[in-house]
Amino acid sequence: MRDQSRRPARRRRLGSELRALREAASVSLEEAGRALHGDKTKISRQETGQQRVSRLELEVLLGLYQAANEKVRERLIALSAEESRHGWWRRHGEMLHDGFKELLSLEADAVRISAFQTQVVPGLLQTQEYATAVISGCSDPLAKEELDTYVDFRMSRQSIFLRENPPEYRAVIMEGAIRQQIGGAEVLADQLRHLVALSQSPALTIQVVPLSRSVFIDTGGSFVIYSYPDLMDLDVVQVEHLDSVFYLEDDKTVSKYQRVIDGLRGSALPPDRSIQFISSIARDLEGE
């Protein structure tokens, strides 16, 4: 699984679909390799997402596989376009591990992001002071310079909300996450006021699951679902553990997480009441 994180989600989906087309056309790896003036190893690496597929190579393969369905062709061309994108983080590539690059790529391309958090406010909604306190608590101790760098990256990631067409962002947060005074009462109060301000954006929805809810929904922990334009037919679930991160793309698995977050939204307070609830906690903290 660690190796998978080195291959962007789009490239993995493109490779798997090309493999399905090749097999349906009864074309061998060797034949496909020759069509690209390469060998079967190149095709194998492309189909497993280890090597990019250029637009010209894609056109050659689609012709070889007799892929006449226009919707299929459009979807694969859209998936292959990820190679031409260059995120703001590219200039810092040597400082970032591959899993983090995958995260940044997912955030940059998604049209909808659905986040569920049990312990902390989601990273894309954090203030600088709160983020500093959260990142300071990571399992691997960080030097001051490293800490500042990761906090800066977290703040820079939030620029996706400033785009002309920002992604729809839907967060579901457990009450405990907005009550724990990470960084202290003042830091948390500022963080909660920040959530209230962010909620004014029509593209952003925040809901809180109160501790008083009697309905239990098994989530397995925090997760994020990244959804892409319908043309791509692509959704990716990110699940973090203490020392690793997993990206899940199997349709059945993704559907399971979709059902879970739908259930969480149903058990959470409505958006307006959630913001009122958050505001009341902030007022309590400010009065301490």
# chains A, B, ... in the order shown; residues from 1 in each chain; ligands from 1

$ residues_around --residues "region 218-229 of chain A" --least-positions-apart "3" --cutoff "9 Å" --atoms "only C-alpha atoms" --output "compact mmCIF listing (two decimals) with N, CA and C atoms, in the first residue's frame"
# COMPACT_ATOMS: atom_id res chain seq x y z
N LEU A 106 -5.02 15.47 -4.62
CA LEU A 106 -6.44 15.18 -4.45
C LEU A 106 -7.22 16.45 -4.14
N GLU A 107 -6.70 17.26 -3.24
CA GLU A 107 -7.38 18.49 -2.86
C GLU A 107 -7.47 19.47 -4.02
N ASP A 109 -7.69 18.92 -7.21
CA ASP A 109 -8.54 18.54 -8.33
C ASP A 109 -10.00 18.27 -7.96
N ALA A 110 -10.28 18.05 -6.69
CA ALA A 110 -11.62 17.64 -6.27
C ALA A 110 -12.65 18.75 -6.48
N VAL A 111 -13.86 18.36 -6.84
CA VAL A 111 -14.97 19.32 -6.91
C VAL A 111 -15.81 19.27 -5.64
N ARG A 112 -15.64 18.19 -4.87
CA ARG A 112 -16.34 18.08 -3.59
C ARG A 112 -15.46 17.32 -2.61
N ILE A 113 -15.36 17.83 -1.39
CA ILE A 113 -14.58 17.18 -0.33
C ILE A 113 -15.49 16.99 0.86
N SER A 114 -15.61 15.75 1.32
CA SER A 114 -16.45 15.42 2.47
C SER A 114 -15.56 14.87 3.57
N ALA A 115 -15.49 15.58 4.69
CA ALA A 115 -14.56 15.21 5.76
C ALA A 115 -15.31 14.85 7.04
N PHE A 116 -14.85 13.80 7.69
CA PHE A 116 -15.36 13.43 9.01
C PHE A 116 -14.19 13.38 9.98
N GLN A 117 -14.31 14.10 11.08
CA GLN A 117 -13.24 14.16 12.06
C GLN A 117 -13.75 13.85 13.46
N THR A 118 -13.01 12.99 14.14
CA THR A 118 -13.39 12.61 15.50
C THR A 118 -12.58 13.33 16.57
N GLN A 119 -11.35 13.75 16.25
CA GLN A 119 -10.45 14.28 17.27
C GLN A 119 -10.16 15.76 17.16
N MET A 232 -15.15 12.01 -14.94
CA MET A 232 -14.05 11.14 -14.54
C MET A 232 -14.53 9.89 -13.82
N ASP A 233 -15.73 9.94 -13.23
CA ASP A 233 -16.25 8.79 -12.48
C ASP A 233 -15.22 8.33 -11.45
N LEU A 234 -14.78 9.25 -10.61
CA LEU A 234 -13.69 8.95 -9.67
C LEU A 234 -13.97 9.54 -8.30
N ASP A 235 -13.91 8.69 -7.29
CA ASP A 235 -13.97 9.11 -5.89
C ASP A 235 -12.87 8.38 -5.14
N VAL A 236 -12.24 9.07 -4.21
CA VAL A 236 -11.14 8.49 -3.44
C VAL A 236 -11.38 8.76 -1.96
N VAL A 237 -11.19 7.73 -1.14
CA VAL A 237 -11.31 7.88 0.30
C VAL A 237 -9.92 7.88 0.91
N GLN A 238 -9.64 8.87 1.74
CA GLN A 238 -8.37 8.94 2.46
C GLN A 238 -8.61 8.54 3.91
N VAL A 239 -7.85 7.57 4.38
CA VAL A 239 -7.94 7.12 5.78
C VAL A 239 -6.56 7.21 6.39
N GLU A 240 -6.44 7.94 7.47
CA GLU A 240 -5.14 8.12 8.13
C GLU A 240 -5.02 7.25 9.37
N HIS A 241 -3.84 6.70 9.55
CA HIS A 241 -3.49 5.98 10.77
C HIS A 241 -2.30 6.68 11.41
N VAL A 254 -15.72 2.66 -1.50
CA VAL A 254 -16.09 4.08 -1.52
C VAL A 254 -17.58 4.23 -1.19
N TYR A 257 -18.20 4.08 2.53
CA TYR A 257 -17.87 5.33 3.23
C TYR A 257 -18.89 6.43 2.91
N GLN A 258 -19.43 6.43 1.69
CA GLN A 258 -20.46 7.39 1.35
C GLN A 258 -21.70 7.18 2.22
N VAL A 260 -21.73 5.83 5.16
CA VAL A 260 -21.40 6.21 6.53
C VAL A 260 -21.52 7.72 6.73
N ILE A 261 -20.96 8.49 5.81
CA ILE A 261 -21.01 9.94 6.00
C ILE A 261 -22.42 10.48 5.80
N LEU A 264 -23.93 9.94 9.12
CA LEU A 264 -23.41 10.91 10.09
C LEU A 264 -24.10 12.26 9.91

$ residues_around --residues "Thr127 (chain A)" --least-positions-apart "5" --cutoff "9 Å" --atoms "only C-alpha atoms" --output "ChimeraX atom specification"
/A:132,155,187,190-191,194

$ write_last_selection --atoms "N, CA and C atoms" --output "tab-separated table (two decimals), in the first residue's frame"
chain	number	residue	atom	x	y	z
A	132	THR	N	-0.80	24.77	14.60
A	132	THR	CA	0.50	24.62	15.26
A	132	THR	C	0.39	23.68	16.45
A	155	MET	N	-1.65	26.00	5.95
A	155	MET	CA	-2.31	27.26	5.64
A	155	MET	C	-2.41	27.47	4.13
A	187	VAL	N	-6.99	29.73	22.10
A	187	VAL	CA	-6.75	29.20	20.75
A	187	VAL	C	-8.00	28.50	20.23
A	190	ASP	N	-10.77	31.05	19.32
A	190	ASP	CA	-10.48	31.67	18.02
A	190	ASP	C	-10.78	30.70	16.88
A	191	GLN	N	-10.44	29.44	17.09
A	191	GLN	CA	-10.71	28.42	16.07
A	191	GLN	C	-12.21	28.28	15.82
A	194	HIS	N	-13.55	31.11	13.93
A	194	HIS	CA	-13.13	30.95	12.53
A	194	HIS	C	-14.09	30.03	11.79

$ closest_residue --among "A:Gly183, A:Pro122, A:Gly63, A:Arg10" --to "Ala78 (chain A)" --atoms "only C-alpha atoms"
A:Arg10

$ atom_distance --atom1 "CA of Leu124 (chain A)" --atom2 "CA of Gln158 (chain A)"
5.4 Å

$ closest_residue --among "A:Ile77, A:Gln276, A:Glu47, A:Ser159" --to "Ala197 (chain A)" --atoms "only C-alpha atoms"
A:Gln276

$ select_by_dssp --residues "region 114-265 of chain A" --states "strand (DSSP E or B)" --output "PyMOL selection string"
chain A and resi 114-117+168-174+204-209+223-227+235-240+245-248

$ residues_around --residues "Val151 (chain A)" --least-positions-apart "3" --cutoff "9 Å" --atoms "only C-alpha atoms" --output "PDB file with C-alpha atoms, in the first residue's frame"
ATOM      1  CA  GLN A 128      -2.611  28.910  12.240  1.00  0.00           C
ATOM      2  CA  GLU A 129      -2.404  28.756  16.047  1.00  0.00           C
ATOM      3  CA  ALA A 131      -2.776  23.976  13.450  1.00  0.00           C
ATOM      4  CA  THR A 132       0.504  24.620  15.260  1.00  0.00           C
ATOM      5  CA  ILE A 135       0.913  19.376  14.402  1.00  0.00           C
ATOM      6  CA  GLU A 146       9.978  21.596  10.396  1.00  0.00           C
ATOM      7  CA  LEU A 147       6.948  22.511  12.484  1.00  0.00           C
ATOM      8  CA  ASP A 148       6.747  25.966  10.924  1.00  0.00           C
ATOM      9  CA  ARG A 154      -1.457  23.583   5.953  1.00  0.00           C
ATOM     10  CA  MET A 155      -2.308  27.263   5.644  1.00  0.00           C
ATOM     11  CA  SER A 156      -1.366  27.270   1.943  1.00  0.00           C
TER      12      SER A 156
END

$ select_by_dssp --residues "region 101-237 of chain A" --states "alpha helix (DSSP H)" --output "NGL selection string"
:A and (101-109 or 128-136 or 144-157 or 175-179 or 185-198)

$ write_last_selection --atoms "N, CA and C atoms" --output "compact mmCIF listing (two decimals), in the first residue's frame"
# COMPACT_ATOMS: atom_id res chain seq x y z
N LYS A 101 2.12 14.44 -1.09
CA LYS A 101 1.93 14.93 -2.45
C LYS A 101 0.61 14.42 -3.02
N GLU A 102 0.29 13.18 -2.71
CA GLU A 102 -0.98 12.61 -3.16
C GLU A 102 -2.14 13.41 -2.58
N LEU A 103 -2.06 13.72 -1.28
CA LEU A 103 -3.10 14.51 -0.62
C LEU A 103 -3.29 15.85 -1.31
N LEU A 104 -2.20 16.54 -1.58
CA LEU A 104 -2.27 17.86 -2.21
C LEU A 104 -2.88 17.77 -3.61
N SER A 105 -2.54 16.72 -4.33
CA SER A 105 -3.09 16.52 -5.67
C SER A 105 -4.60 16.27 -5.59
N LEU A 106 -5.02 15.47 -4.62
CA LEU A 106 -6.44 15.18 -4.45
C LEU A 106 -7.22 16.45 -4.14
N GLU A 107 -6.70 17.26 -3.24
CA GLU A 107 -7.38 18.49 -2.86
C GLU A 107 -7.47 19.47 -4.02
N ALA A 108 -6.41 19.52 -4.82
CA ALA A 108 -6.35 20.49 -5.91
C ALA A 108 -7.38 20.19 -7.00
N ASP A 109 -7.69 18.92 -7.21
CA ASP A 109 -8.54 18.54 -8.33
C ASP A 109 -10.00 18.27 -7.96
N GLN A 128 -4.05 29.17 12.16
CA GLN A 128 -2.61 28.91 12.24
C GLN A 128 -2.21 28.46 13.65
N GLU A 129 -2.77 29.10 14.67
CA GLU A 129 -2.40 28.76 16.05
C GLU A 129 -2.90 27.35 16.42
N TYR A 130 -4.12 27.04 15.99
CA TYR A 130 -4.67 25.72 16.28
C TYR A 130 -3.88 24.65 15.52
N ALA A 131 -3.56 24.92 14.25
CA ALA A 131 -2.78 23.98 13.45
C ALA A 131 -1.42 23.72 14.08
N THR A 132 -0.80 24.77 14.60
CA THR A 132 0.50 24.62 15.26
C THR A 132 0.39 23.68 16.45
N ALA A 133 -0.66 23.84 17.23
CA ALA A 133 -0.86 22.98 18.41
C ALA A 133 -1.12 21.53 17.99
N VAL A 134 -1.90 21.36 16.92
CA VAL A 134 -2.22 20.01 16.46
C VAL A 134 -0.99 19.30 15.91
N ILE A 135 -0.27 19.98 15.03
CA ILE A 135 0.91 19.38 14.40
C ILE A 135 2.01 19.12 15.43
N SER A 136 2.06 19.94 16.46
CA SER A 136 3.05 19.73 17.54
C SER A 136 2.82 18.40 18.24
N LYS A 144 11.70 22.96 15.32
CA LYS A 144 10.92 24.19 15.14
C LYS A 144 10.77 24.54 13.67
N GLU A 145 11.85 24.42 12.89
CA GLU A 145 11.79 24.75 11.47
C GLU A 145 10.84 23.84 10.72
N GLU A 146 10.88 22.55 11.04
CA GLU A 146 9.98 21.60 10.40
C GLU A 146 8.53 21.89 10.76
N LEU A 147 8.30 22.19 12.03
CA LEU A 147 6.95 22.51 12.48
C LEU A 147 6.40 23.71 11.73
N ASP A 148 7.18 24.76 11.63
CA ASP A 148 6.75 25.97 10.92
C ASP A 148 6.45 25.67 9.46
N THR A 149 7.28 24.82 8.86
CA THR A 149 7.08 24.47 7.45
C THR A 149 5.75 23.76 7.24
N TYR A 150 5.46 22.78 8.10
CA TYR A 150 4.22 22.03 7.94
C TYR A 150 2.99 22.89 8.25
N VAL A 151 3.12 23.80 9.19
CA VAL A 151 2.01 24.72 9.46
C VAL A 151 1.77 25.61 8.26
N ASP A 152 2.85 26.12 7.66
CA ASP A 152 2.73 26.96 6.47
C ASP A 152 2.07 26.20 5.33
N PHE A 153 2.44 24.94 5.16
CA PHE A 153 1.81 24.13 4.13
C PHE A 153 0.32 23.98 4.39
N ARG A 154 -0.04 23.75 5.63
CA ARG A 154 -1.46 23.58 5.95
C ARG A 154 -2.23 24.86 5.65
N MET A 155 -1.65 26.00 5.95
CA MET A 155 -2.31 27.26 5.64
C MET A 155 -2.41 27.47 4.13
N SER A 156 -1.36 27.10 3.40
CA SER A 156 -1.37 27.27 1.94
C SER A 156 -2.41 26.38 1.28
N ARG A 157 -2.64 25.21 1.85
CA ARG A 157 -3.64 24.30 1.29
C ARG A 157 -5.03 24.93 1.28
N GLU A 175 -18.58 16.30 18.50
CA GLU A 175 -18.57 17.36 19.51
C GLU A 175 -17.27 17.39 20.30
N GLY A 176 -16.74 16.23 20.62
CA GLY A 176 -15.50 16.19 21.41
C GLY A 176 -14.36 16.94 20.75
N ALA A 177 -14.36 16.97 19.39
CA ALA A 177 -13.28 17.63 18.67
C ALA A 177 -13.34 19.15 18.81
N ILE A 178 -14.53 19.69 19.03
CA ILE A 178 -14.64 21.14 19.17
C ILE A 178 -14.70 21.57 20.64
N ARG A 179 -14.56 20.61 21.52
CA ARG A 179 -14.52 20.94 22.95
C ARG A 179 -13.12 20.79 23.55
N ALA A 185 -7.64 27.47 25.88
CA ALA A 185 -9.00 27.99 25.69
C ALA A 185 -9.05 29.10 24.65
N GLU A 186 -8.09 30.00 24.68
CA GLU A 186 -8.10 31.13 23.75
C GLU A 186 -7.91 30.67 22.31
N VAL A 187 -6.99 29.73 22.10
CA VAL A 187 -6.75 29.20 20.75
C VAL A 187 -8.00 28.50 20.23
N LEU A 188 -8.65 27.71 21.09
CA LEU A 188 -9.85 27.00 20.66
C LEU A 188 -10.98 27.98 20.37
N ALA A 189 -11.14 28.99 21.21
CA ALA A 189 -12.20 29.98 20.97
C ALA A 189 -12.00 30.67 19.62
N ASP A 190 -10.77 31.05 19.32
CA ASP A 190 -10.48 31.67 18.02
C ASP A 190 -10.78 30.70 16.88
N GLN A 191 -10.44 29.44 17.09
CA GLN A 191 -10.71 28.42 16.07
C GLN A 191 -12.21 28.28 15.82
N LEU A 192 -12.98 28.26 16.87
CA LEU A 192 -14.43 28.11 16.72
C LEU A 192 -15.04 29.34 16.05
N ARG A 193 -14.55 30.52 16.38
CA ARG A 193 -15.04 31.74 15.71
C ARG A 193 -14.68 31.68 14.22
N HIS A 194 -13.55 31.11 13.93
CA HIS A 194 -13.13 30.95 12.53
C HIS A 194 -14.09 30.03 11.79
N LEU A 195 -14.53 28.96 12.43
CA LEU A 195 -15.50 28.06 11.81
C LEU A 195 -16.81 28.79 11.52
N VAL A 196 -17.24 29.61 12.46
CA VAL A 196 -18.47 30.38 12.27
C VAL A 196 -18.34 31.29 11.06
N ALA A 197 -17.20 31.96 10.93
CA ALA A 197 -16.97 32.86 9.80
C ALA A 197 -16.94 32.08 8.48
N LEU A 198 -16.26 30.93 8.48
CA LEU A 198 -16.17 30.13 7.26
C LEU A 198 -17.54 29.63 6.81

$ closest_residue --among "A:Phe100, A:Gln200, A:Gly49, A:Leu36" --to "Phe246 (chain A)" --atoms "only C-alpha atoms"
A:Phe100

$ residues_around --residues "Ile275 (chain A)" --least-positions-apart "5" --cutoff "9 Å" --atoms "only C-alpha atoms" --output "PyMOL selection string"
chain A and resi 195-196+199+206-208+270+280

$ closest_residue --among "A:Gly123, A:Asp39, A:Ala9, A:Pro271" --to "Glu249 (chain A)" --atoms "only C-alpha atoms"
A:Ala9

$ residues_around --residues "Leu58 (chain A)" --least-positions-apart "6" --cutoff "9 Å" --atoms "only C-alpha atoms" --output "tab-separated table (two decimals) with all heavy atoms, in the first residue's frame"
chain	number	residue	atom	x	y	z
A	18	LEU	N	-7.50	1.37	-18.96
A	18	LEU	CA	-6.78	0.98	-20.18
A	18	LEU	C	-6.55	-0.53	-20.22
A	18	LEU	O	-6.64	-1.16	-21.27
A	18	LEU	CB	-5.45	1.73	-20.27
A	18	LEU	CG	-5.52	3.20	-20.68
A	18	LEU	CD1	-4.15	3.86	-20.59
A	18	LEU	CD2	-6.09	3.35	-22.09
A	76	LEU	N	-11.30	9.15	-20.25
A	76	LEU	CA	-9.89	8.79	-20.17
A	76	LEU	C	-9.00	9.99	-20.49
A	76	LEU	O	-7.94	10.17	-19.87
A	76	LEU	CB	-9.58	7.64	-21.12
A	76	LEU	CG	-10.30	6.32	-20.80
A	76	LEU	CD1	-9.78	5.20	-21.68
A	76	LEU	CD2	-10.15	5.93	-19.34
A	77	ILE	N	-9.42	10.82	-21.41
A	77	ILE	CA	-8.65	12.04	-21.72
A	77	ILE	C	-8.65	12.97	-20.51
A	77	ILE	O	-7.62	13.57	-20.16
A	77	ILE	CB	-9.24	12.74	-22.96
A	77	ILE	CG1	-8.94	11.91	-24.21
A	77	ILE	CG2	-8.66	14.15	-23.10
A	77	ILE	CD1	-9.66	12.40	-25.46
A	80	SER	N	-6.26	11.62	-17.96
A	80	SER	CA	-4.85	11.77	-18.34
A	80	SER	C	-4.37	13.21	-18.18
A	80	SER	O	-3.17	13.46	-18.10
A	80	SER	CB	-4.63	11.33	-19.79
A	80	SER	OG	-5.23	12.23	-20.69

$ atom_distance --atom1 "CA of Ala32 (chain A)" --atom2 "CA of Val60 (chain A)"
9.2 Å
